[in-house]
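Colleague: Contents are TSV, C-alpha atoms and all ligand atoms; file name target33.tsv:
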chain	number	residue	atom	x	y	z
A	29	MET	CA	-7.03	-294.26	-153.10
A	30	PHE	CA	-8.48	-291.76	-150.61
A	31	TRP	CA	-10.87	-293.26	-148.09
A	32	PRO	CA	-12.68	-290.63	-146.05
A	33	SER	CA	-12.64	-291.41	-142.32
A	34	LEU	CA	-15.79	-292.45	-140.53
A	35	HIS	CA	-15.59	-289.23	-138.55
A	36	PHE	CA	-15.47	-287.20	-141.78
A	37	LEU	CA	-18.58	-288.98	-143.08
A	38	GLU	CA	-20.36	-288.38	-139.79
A	39	ARG	CA	-19.56	-284.67	-140.07
A	40	LEU	CA	-21.06	-284.62	-143.56
A	41	LEU	CA	-24.26	-286.25	-142.39
A	42	ALA	CA	-24.64	-284.30	-139.14
A	43	PRO	CA	-22.55	-281.14	-139.26
A	44	TYR	CA	-22.65	-280.23	-135.57
A	45	LEU	CA	-23.41	-282.36	-132.54
A	46	CYS	CA	-23.77	-281.26	-128.92
A	47	PRO	CA	-20.65	-282.69	-127.20
A	48	ILE	CA	-22.72	-283.84	-124.20
A	49	CYS	CA	-25.92	-285.38	-125.56
A	50	ASP	CA	-25.10	-285.70	-129.31
A	51	ALA	CA	-28.21	-283.71	-130.27
A	52	GLU	CA	-27.87	-281.91	-133.58
A	53	VAL	CA	-27.14	-278.20	-133.16
A	54	THR	CA	-27.03	-275.42	-135.75
A	55	ASP	CA	-23.74	-273.89	-134.49
A	56	PRO	CA	-20.78	-275.68	-132.93
A	57	GLY	CA	-21.34	-275.83	-129.18
A	58	LEU	CA	-23.65	-277.20	-126.54
A	59	CYS	CA	-27.38	-277.57	-127.16
A	60	LEU	CA	-29.78	-275.30	-125.26
A	61	ALA	CA	-30.78	-278.16	-122.93
A	62	CYS	CA	-27.19	-278.96	-121.90
A	63	TRP	CA	-25.87	-275.44	-121.24
A	64	PRO	CA	-27.72	-274.96	-117.93
A	65	LYS	CA	-26.49	-278.35	-116.66
A	66	LEU	CA	-22.88	-277.13	-116.49
A	67	SER	CA	-21.71	-275.66	-113.16
A	68	LEU	CA	-19.83	-272.52	-114.11
A	69	ILE	CA	-17.34	-271.18	-111.57
A	70	THR	CA	-17.95	-267.49	-110.91
A	71	SER	CA	-15.33	-264.96	-109.82
A	72	ASN	CA	-16.03	-265.86	-106.15
A	73	ALA	CA	-13.04	-268.22	-106.01
A	74	CYS	CA	-9.58	-268.49	-104.47
A	75	HIS	CA	-7.19	-266.21	-106.39
A	76	ARG	CA	-4.33	-268.67	-105.93
A	77	CYS	CA	-5.88	-272.06	-106.81
A	78	GLY	CA	-9.30	-271.24	-108.31
A	79	LEU	CA	-11.32	-273.15	-105.69
A	80	PRO	CA	-14.86	-271.71	-105.69
A	81	PHE	CA	-16.13	-270.32	-102.38
A	82	ASP	CA	-19.66	-271.24	-101.26
A	83	THR	CA	-20.21	-267.89	-99.59
A	84	PRO	CA	-18.68	-264.43	-100.10
A	85	VAL	CA	-15.39	-264.31	-98.18
A	86	MET	CA	-13.18	-261.51	-96.85
A	87	THR	CA	-9.92	-263.05	-98.06
A	88	PRO	CA	-9.03	-263.81	-101.70
A	89	ILE	CA	-7.09	-266.93	-100.68
A	90	CYS	CA	-8.53	-270.27	-99.48
A	91	GLY	CA	-7.40	-272.04	-96.30
A	92	ASP	CA	-5.35	-274.67	-98.16
A	93	CYS	CA	-3.42	-271.99	-100.06
A	94	HIS	CA	-2.69	-270.17	-96.78
A	95	ILE	CA	-1.15	-273.33	-95.32
A	96	ASP	CA	0.46	-274.95	-98.37
A	97	PRO	CA	0.31	-272.73	-101.48
A	98	PRO	CA	0.97	-274.21	-104.94
A	99	ASP	CA	4.00	-273.05	-106.94
A	100	PHE	CA	1.81	-271.16	-109.42
A	101	ASP	CA	0.70	-267.65	-108.46
A	102	HIS	CA	-2.83	-267.52	-109.81
A	103	ALA	CA	-5.37	-270.01	-111.16
A	104	VAL	CA	-8.78	-269.81	-112.79
A	105	SER	CA	-11.10	-272.65	-113.80
A	106	SER	CA	-14.29	-272.29	-115.80
A	107	LEU	CA	-16.33	-275.35	-114.72
A	108	VAL	CA	-16.81	-277.62	-111.73
A	109	TYR	CA	-15.57	-281.10	-112.73
A	110	ALA	CA	-18.87	-282.96	-112.30
A	111	ASP	CA	-21.29	-284.56	-114.76
A	112	PRO	CA	-22.10	-283.61	-117.47
A	113	ALA	CA	-18.86	-281.54	-117.76
A	114	ARG	CA	-16.86	-284.60	-116.68
A	115	GLN	CA	-18.49	-286.76	-119.35
A	116	MET	CA	-17.84	-284.04	-121.96
A	117	ILE	CA	-14.14	-283.76	-121.02
A	118	LEU	CA	-13.59	-287.53	-120.97
A	119	GLY	CA	-15.14	-287.69	-124.46
A	120	PHE	CA	-12.73	-284.98	-125.61
A	121	LYS	CA	-9.66	-286.65	-124.06
A	122	HIS	CA	-10.24	-290.31	-124.77
A	123	GLY	CA	-12.91	-290.32	-127.48
A	124	ASP	CA	-10.82	-288.81	-130.27
A	125	ARG	CA	-13.07	-285.71	-130.36
A	126	GLN	CA	-10.58	-283.01	-131.35
A	127	ASP	CA	-13.48	-281.18	-132.98
A	128	MET	CA	-14.64	-280.27	-129.45
A	129	ALA	CA	-11.50	-278.17	-128.76
A	130	PRO	CA	-12.84	-274.84	-130.13
A	131	ILE	CA	-16.13	-275.32	-128.22
A	132	LEU	CA	-14.31	-276.01	-124.94
A	133	ALA	CA	-11.91	-273.12	-125.57
A	134	ARG	CA	-14.93	-270.81	-125.92
A	135	ILE	CA	-16.11	-271.92	-122.45
A	136	MET	CA	-12.65	-271.00	-121.09
A	137	ALA	CA	-12.46	-267.73	-123.04
A	138	PRO	CA	-14.14	-265.27	-120.61
A	139	LYS	CA	-11.60	-266.06	-117.87
A	140	THR	CA	-8.62	-266.87	-120.09
A	141	LEU	CA	-8.52	-264.22	-122.84
A	142	PRO	CA	-7.84	-261.36	-120.36
A	143	LEU	CA	-4.97	-263.43	-118.90
A	144	ILE	CA	-3.49	-264.07	-122.35
A	145	GLU	CA	-3.20	-260.28	-122.79
A	146	THR	CA	-1.02	-259.97	-119.68
A	147	VAL	CA	1.40	-262.90	-120.15
A	148	ASP	CA	4.49	-263.42	-122.32
A	149	PHE	CA	3.83	-267.05	-123.31
A	150	VAL	CA	0.88	-269.46	-123.30
A	151	LEU	CA	1.99	-273.05	-122.70
A	152	PRO	CA	-0.09	-276.22	-122.71
A	153	LEU	CA	0.80	-278.66	-119.94
A	154	PRO	CA	2.98	-281.06	-121.98
A	155	LEU	CA	2.24	-284.77	-122.31
A	156	HIS	CA	5.06	-287.29	-122.24
A	157	ARG	CA	5.67	-288.62	-125.77
A	158	TRP	CA	4.40	-292.12	-124.87
A	159	ARG	CA	1.11	-290.70	-123.67
A	160	PHE	CA	1.02	-288.49	-126.76
A	161	PHE	CA	1.45	-291.48	-129.06
A	162	SER	CA	-1.28	-293.49	-127.37
A	163	ARG	CA	-3.75	-290.58	-127.32
A	164	ARG	CA	-2.57	-289.04	-130.62
A	165	PHE	CA	-3.09	-285.48	-129.43
A	166	ASN	CA	-2.43	-283.33	-126.38
A	167	GLN	CA	-5.81	-282.03	-125.26
A	168	SER	CA	-4.18	-279.13	-123.40
A	169	ALA	CA	-2.30	-278.05	-126.51
A	170	GLU	CA	-5.54	-278.08	-128.52
A	171	LEU	CA	-7.20	-275.84	-125.91
A	172	ALA	CA	-4.19	-273.47	-125.77
A	173	ARG	CA	-4.01	-273.31	-129.57
A	174	HIS	CA	-7.67	-272.32	-129.90
A	175	LEU	CA	-7.55	-269.88	-126.98
A	176	THR	CA	-4.54	-267.99	-128.38
A	177	LYS	CA	-6.25	-267.91	-131.79
A	178	GLN	CA	-9.48	-266.59	-130.25
A	179	ALA	CA	-7.42	-263.92	-128.42
A	180	GLY	CA	-5.66	-262.96	-131.68
A	181	ARG	CA	-2.34	-263.80	-129.91
A	182	PHE	CA	-1.29	-267.06	-131.53
A	183	ASP	CA	2.26	-265.64	-131.38
A	184	LYS	CA	2.23	-266.38	-127.61
A	185	PHE	CA	1.42	-270.10	-128.09
A	186	ASN	CA	4.54	-272.12	-127.30
A	187	THR	CA	5.19	-275.87	-127.07
A	188	HIS	CA	9.02	-275.74	-126.90
A	189	LEU	CA	9.68	-274.01	-123.58
A	190	LEU	CA	8.47	-276.84	-121.36
A	191	ILE	CA	9.01	-280.56	-121.99
A	192	ARG	CA	7.73	-283.58	-120.09
A	193	GLN	CA	10.72	-285.83	-119.52
A	194	LYS	CA	9.16	-288.38	-117.19
A	195	ALA	CA	6.09	-290.49	-117.93
A	196	THR	CA	3.87	-290.41	-114.87
A	197	PRO	CA	1.13	-293.02	-114.47
A	198	PRO	CA	-2.46	-291.72	-114.21
A	199	GLN	CA	-2.69	-289.84	-110.91
A	200	GLY	CA	-6.30	-290.86	-110.23
A	201	ARG	CA	-6.21	-292.63	-106.84
A	202	LYS	CA	-3.14	-291.06	-105.27
A	203	THR	CA	-3.03	-288.78	-102.26
A	204	LYS	CA	-1.75	-285.23	-102.69
A	205	ALA	CA	1.66	-286.13	-101.19
A	206	GLN	CA	1.97	-289.16	-103.50
A	207	ARG	CA	1.09	-287.02	-106.53
A	208	ILE	CA	3.71	-284.42	-105.63
A	209	ALA	CA	6.35	-287.13	-105.15
A	210	ALA	CA	5.39	-288.78	-108.46
A	211	MET	CA	5.74	-285.47	-110.32
A	212	ARG	CA	9.26	-284.74	-109.06
A	213	GLY	CA	11.56	-284.16	-112.06
A	214	ALA	CA	8.69	-284.65	-114.51
A	215	PHE	CA	9.30	-281.39	-116.41
A	216	HIS	CA	12.30	-279.88	-118.10
A	217	VAL	CA	13.19	-276.62	-119.86
A	218	PRO	CA	15.61	-277.30	-122.75
A	219	GLN	CA	18.93	-275.46	-122.49
A	220	ASP	CA	18.39	-273.44	-125.68
A	221	GLN	CA	14.99	-272.18	-124.46
A	222	ARG	CA	16.05	-270.87	-121.05
A	223	ARG	CA	16.90	-267.35	-122.20
A	224	HIS	CA	13.23	-266.80	-123.12
A	225	LEU	CA	12.12	-267.43	-119.54
A	226	ALA	CA	14.03	-264.60	-117.85
A	227	ASP	CA	11.46	-262.54	-115.89
A	228	ALA	CA	8.65	-263.97	-118.03
A	229	HIS	CA	5.01	-264.31	-117.01
A	230	ILE	CA	3.75	-267.70	-118.21
A	231	LEU	CA	0.19	-268.94	-118.61
A	232	LEU	CA	-0.20	-272.72	-118.33
A	233	ILE	CA	-3.29	-274.32	-119.89
A	234	ASP	CA	-4.71	-277.70	-118.89
A	235	ASP	CA	-8.06	-279.46	-119.10
A	236	VAL	CA	-8.67	-280.41	-115.45
A	237	LEU	CA	-7.10	-279.27	-112.18
A	238	THR	CA	-7.36	-282.13	-109.68
A	239	THR	CA	-4.89	-281.47	-106.84
A	240	GLY	CA	-2.80	-279.09	-108.94
A	241	ALA	CA	0.32	-281.26	-108.38
A	242	SER	CA	1.24	-281.45	-112.10
A	243	LEU	CA	0.65	-277.75	-112.70
A	244	SER	CA	2.54	-276.86	-109.54
A	245	SER	CA	5.47	-279.04	-110.59
A	246	ALA	CA	5.48	-277.39	-114.04
A	247	ALA	CA	5.37	-273.92	-112.43
A	248	ARG	CA	8.25	-274.84	-110.12
A	249	CYS	CA	10.34	-275.96	-113.10
A	250	LEU	CA	9.58	-272.76	-115.06
A	251	LYS	CA	10.48	-270.56	-112.07
A	252	ARG	CA	13.69	-272.49	-111.43
A	253	HIS	CA	14.72	-271.49	-114.95
A	254	GLY	CA	13.91	-267.80	-114.61
A	255	ALA	CA	10.13	-267.30	-114.99
A	256	LYS	CA	8.91	-264.57	-112.64
A	257	GLN	CA	5.23	-265.44	-112.51
A	258	VAL	CA	3.09	-268.43	-113.52
A	259	SER	CA	-0.68	-268.28	-113.97
A	260	VAL	CA	-2.92	-271.25	-114.73
A	261	SER	CA	-6.21	-271.64	-116.57
A	262	THR	CA	-8.05	-274.95	-116.70
A	263	LEU	CA	-11.35	-275.84	-118.31
A	264	ALA	CA	-12.57	-277.59	-115.15
A	265	ARG	CA	-11.62	-278.11	-111.55
A	266	VAL	CA	-12.26	-280.87	-109.03
A	267	CYS	CA	-13.96	-279.15	-106.09
A	301	ZN	ZN	-26.91	-281.38	-125.41
A	302	ZN	ZN	-6.68	-271.77	-102.85
Would it be possible to restate this file's structure as structure tokens?
Ligand SMILES: [Zn+2]
Ligand SMILES: [Zn+2]
Modeller:
Amino acid sequence: MFWPSLHFLERLLAPYLCPICDAEVTDPGLCLACWPKLSLITSNACHRCGLPFDTPVMTPICGDCHIDPPDFDHAVSSLVYADPARQMILGFKHGDRQDMAPILARIMAPKTLPLIETVDFVLPLPLHRWRFFSRRFNQSAELARHLTKQAGRFDKFNTHLLIRQKATPPQGRKTKAQRIAAMRGAFHVPQDQRRHLADAHILLIDDVLTTGASLSSAARCLKRHGAKQVSVSTLARVC
């Protein structure tokens, strides 16, 4: 017998809920009260790592990227990772709210759709299979799937080129050096996929950029196997 899930019944009763405050909304997305509470990152940000600048600057690269640049070439983030964006993203990741993916992808769209046009492949940052089983979905893959659909370039969405071969514990309280060390050897490009990477420009999608250690490690792995350029787009960024 078919038993509709609780989530399905909730959807029937209240078709759309604001992902931050749970207020009923007429279209999928944030309610009018919650939109202005998000800190959007404008184009005044480091070209390399996406860090927003407080004041207009003469150089497109931040001090950290001058000293110790990440292995990706370009990064954009749409939101500052602070409440209520933080609360919204945690609900998406750990609260089984896959229905939020298209809404969050629309927030990323203005900065990400132009990038999708210029790259060869759009890759979500892969989860290790253990993490995937416990969470039941890869939030980055959901974002990448909706973004490529919104761009009309679902053909560029790819989950085979990059594999996570090492389960890394949550990186929360580690220093940057510890995170980089923990990520060593975390990613892998399967032998039969390597020919696709020759001279390719790759766009990596993730939900939050914290230190960028995971994304940098993924970019390093892709470049080691032939990718020419790696760009990154994340929904939010720790600033
Ligand atoms: Zn709201
Ligand atoms: Zn930077």
Colleague: Would you name the residues within 10 Å of ligand ZN 302 (chain A), counting all atoms listed in the file, and put them as a list of chain:residue names?
Modeller: A:Ala73, A:Cys74, A:His75, A:Arg76, A:Cys77, A:Gly78, A:Leu79, A:Pro80, A:Phe81, A:Pro88, A:Ile89, A:Cys90, A:Gly91, A:Asp92, A:Cys93, A:His94, A:Ile95, A:Asp96, A:Pro97, A:Pro98, A:His102, A:Ala103
Colleague: List the residues sitting within 9 Å of (-2.4, -260.9, -116.1) in the file's frame, using only C-alpha atoms, as a list in words.
Modeller: Pro142, Leu143, Ile144, Glu145, Thr146, Val147, His229, Leu231 and Ser259 of chain A
Colleague: Hey, which of A:Pro112, A:Ser106, A:Ala179, A:Asp82 ends up closest to ligand ZN 301 (chain A)? Count all atoms listed in the file.
Modeller: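 For ligand ZN 301 (chain A), the nearest of the given residues is A:Pro112.
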Colleague: In terms of the shortest atom-to-atom distance over only C-alpha atoms, which of A:Arg173, A:Lys194, A:Arg207, A:Arg164 is closest to Leu151 in chain A?
Modeller: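 Among A:Arg173, A:Lys194, A:Arg207, A:Arg164, it is A:Arg173 that comes nearest to Leu151 in chain A.
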Colleague: Please produce, as a Markdown table, a per-residue contact table for chain A versus ligand ZN 301 (chain A) (criterion: any atom at most 7 Å away, only C-alpha atoms and all ligand atoms considered), showing the nearest atom pair and its distance in Å to one decimal, sorted by chain then residue number.
Modeller:
| residue | atom | partner | partner_atom | distance |
| --- | --- | --- | --- | --- |
| A:Cys46 | CA | A:ZN301 | ZN | 4.7 |
| A:Pro47 | CA | A:ZN301 | ZN | 6.6 |
| A:Ile48 | CA | A:ZN301 | ZN | 5.0 |
| A:Cys49 | CA | A:ZN301 | ZN | 4.1 |
| A:Asp50 | CA | A:ZN301 | ZN | 6.1 |
| A:Ala51 | CA | A:ZN301 | ZN | 5.5 |
| A:Leu58 | CA | A:ZN301 | ZN | 5.4 |
| A:Cys59 | CA | A:ZN301 | ZN | 4.2 |
| A:Leu60 | CA | A:ZN301 | ZN | 6.7 |
| A:Ala61 | CA | A:ZN301 | ZN | 5.6 |
| A:Cys62 | CA | A:ZN301 | ZN | 4.3 |
Colleague: Of the residues A:Leu132, A:Leu263, A:Ala241, A:Val236, which is the one nearest to Thr203 in chain A, using all atoms listed in the file?
Modeller: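 The answer is A:Ala241, which sits nearest to Thr203 in chain A.
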Colleague: Quick one: residues within 6 Å of Ser105 in chain A, all atoms listed in the file counted, chain neighbours fewer than 2 positions away excluded, as a count of residues only?
Modeller: 7
Colleague: Name the closest residue to Met211 in chain A among the candidates A:Leu190, A:Ala228, A:Cys249, A:Ala133; distances are taken between atoms, counting only C-alpha atoms.
Modeller: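 Smallest separation from Met211 in chain A among the options: A:Cys249.
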Colleague: CA of His216 in chain A and CA of Arg201 in chain A are how many Å apart?
Modeller: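 Between CA of His216 in chain A and CA of Arg201 in chain A the gap works out to 25.1 Å.
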Colleague: Would you please work out which residue, of A:Tyr44, A:Trp158, A:Phe165, A:Trp63, is nearest to Gly123 in chain A when using all atoms listed in the file?
Modeller: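 Smallest distance to Gly123 in chain A is found for A:Phe165.
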